[in-house]
Amino acid sequence: MVNESAEMYLENILILQKQKGNVRSIDLAEYMNYSKPSISRAVNLLKERGYIVIESNGNIYFTEKGKEYAEKIYSKHLVISQALMYLGVSEEVAVNDACKIEHVISDESFEAIKKHMHNR
C-alpha cells in the first residue's frame, strides 16, 4: 500500500518524464517546490520499496511496478479532472480537486466515473 505522499511523488515523476524525458531529484524538487532533503528522503523510500531506480548519474526511472502505479494515479487525475470540468467546474478548481480525490477514491467509484465519461 502506498500513502498519498508517495503517490504524489510517483505521479509527479511521471509528469516530469512526459515533459522532460529524464528526471532527477533536483527536477522534482523544483517542480513540487519542496526542499532537496525532503525530495531525497522520499525518493530513497520509493527506491527501497521497489518503485523507482536511481542511476549513478542521478536519473530516476520507474520499475515496472512503479510505472504501473504512477500511471494508475495519473489516469485517475485526468479522468476526475475531466469529469468535474464536464459538470461545469472551472479547470483550476477541477485540477486541484482531482489532486485530492485521486488518492481516496475507491477503484469501484473510479471505474464507474471512467465508464460514464467514456459513454457520454
# chains A, B, ... in the order shown; residues from 1 in each chain; ligands from 1

call {"tool": "residues_around", "arguments": {"residues": "Lys20 (chain A)", "least_positions_apart": "6", "cutoff": "12 Å", "atoms": "only C-alpha atoms", "output": "VMD selection string"}}
result
chain A and resid 12 to 14 27 to 28 31 59 to 60

call {"tool": "select_by_dssp", "arguments": {"residues": "chain A", "states": "strand (DSSP E or B)", "output": "list in words"}}
result
Arg24, Ile52, Val53, Ile54, Asn59, Ile60, Tyr61 and Phe62 of chain A

call {"tool": "write_last_selection", "arguments": {"atoms": "N, CA and C atoms", "output": "JSON list (two decimals), in the first residue's frame"}}
result
[["chain", "number", "residue", "atom", "x", "y", "z"],
["A", 24, "ARG", "N", 15.56, 13.99, -12.56],
["A", 24, "ARG", "CA", 16.46, 13.84, -11.42],
["A", 24, "ARG", "C", 15.79, 14.44, -10.20],
["A", 52, "ILE", "N", 11.09, 2.79, -7.92],
["A", 52, "ILE", "CA", 11.99, 3.50, -8.82],
["A", 52, "ILE", "C", 13.40, 2.96, -8.70],
["A", 53, "VAL", "N", 14.20, 3.33, -9.69],
["A", 53, "VAL", "CA", 15.63, 3.04, -9.70],
["A", 53, "VAL", "C", 16.32, 4.38, -9.92],
["A", 54, "ILE", "N", 17.40, 4.62, -9.21],
["A", 54, "ILE", "CA", 18.17, 5.84, -9.39],
["A", 54, "ILE", "C", 19.53, 5.44, -9.95],
["A", 59, "ASN", "N", 19.61, 10.07, -12.68],
["A", 59, "ASN", "CA", 18.33, 9.94, -13.35],
["A", 59, "ASN", "C", 17.45, 8.91, -12.64],
["A", 60, "ILE", "N", 16.18, 9.26, -12.54],
["A", 60, "ILE", "CA", 15.20, 8.41, -11.87],
["A", 60, "ILE", "C", 14.37, 7.69, -12.93],
["A", 61, "TYR", "N", 14.26, 6.39, -12.78],
["A", 61, "TYR", "CA", 13.44, 5.58, -13.69],
["A", 61, "TYR", "C", 12.49, 4.72, -12.87],
["A", 62, "PHE", "N", 11.34, 4.43, -13.44],
["A", 62, "PHE", "CA", 10.38, 3.56, -12.78],
["A", 62, "PHE", "C", 10.76, 2.10, -12.96]]

call {"tool": "closest_residue", "arguments": {"among": "A:Tyr86, A:Ser25, A:Ala6, A:Lys67", "to": "Pro37 (chain A)", "atoms": "only C-alpha atoms"}}
result
A:Ser25

call {"tool": "residues_around", "arguments": {"residues": "Leu84 (chain A)", "least_positions_apart": "4", "cutoff": "10 Å", "atoms": "only C-alpha atoms", "output": "PyMOL selection string"}}
result
chain A and resi 79-80+88-91+93-95+97-98

call {"tool": "atom_distance", "arguments": {"atom1": "CA of Glu4 (chain A)", "atom2": "CA of His103 (chain A)"}}
result
5.9 Å

call {"tool": "closest_residue", "arguments": {"among": "A:Ser106, A:Leu10, A:Val2, A:Val23", "to": "Asn57 (chain A)", "atoms": "only C-alpha atoms"}}
result
A:Val23

call {"tool": "closest_residue", "arguments": {"among": "A:Lys114, A:Arg120, A:His77, A:Lys100", "to": "Ile15 (chain A)", "atoms": "only C-alpha atoms"}}
result
A:His77

call {"tool": "closest_residue", "arguments": {"among": "A:Glu111, A:Glu102, A:Glu30, A:Glu11", "to": "Tyr51 (chain A)", "atoms": "only C-alpha atoms"}}
result
A:Glu11
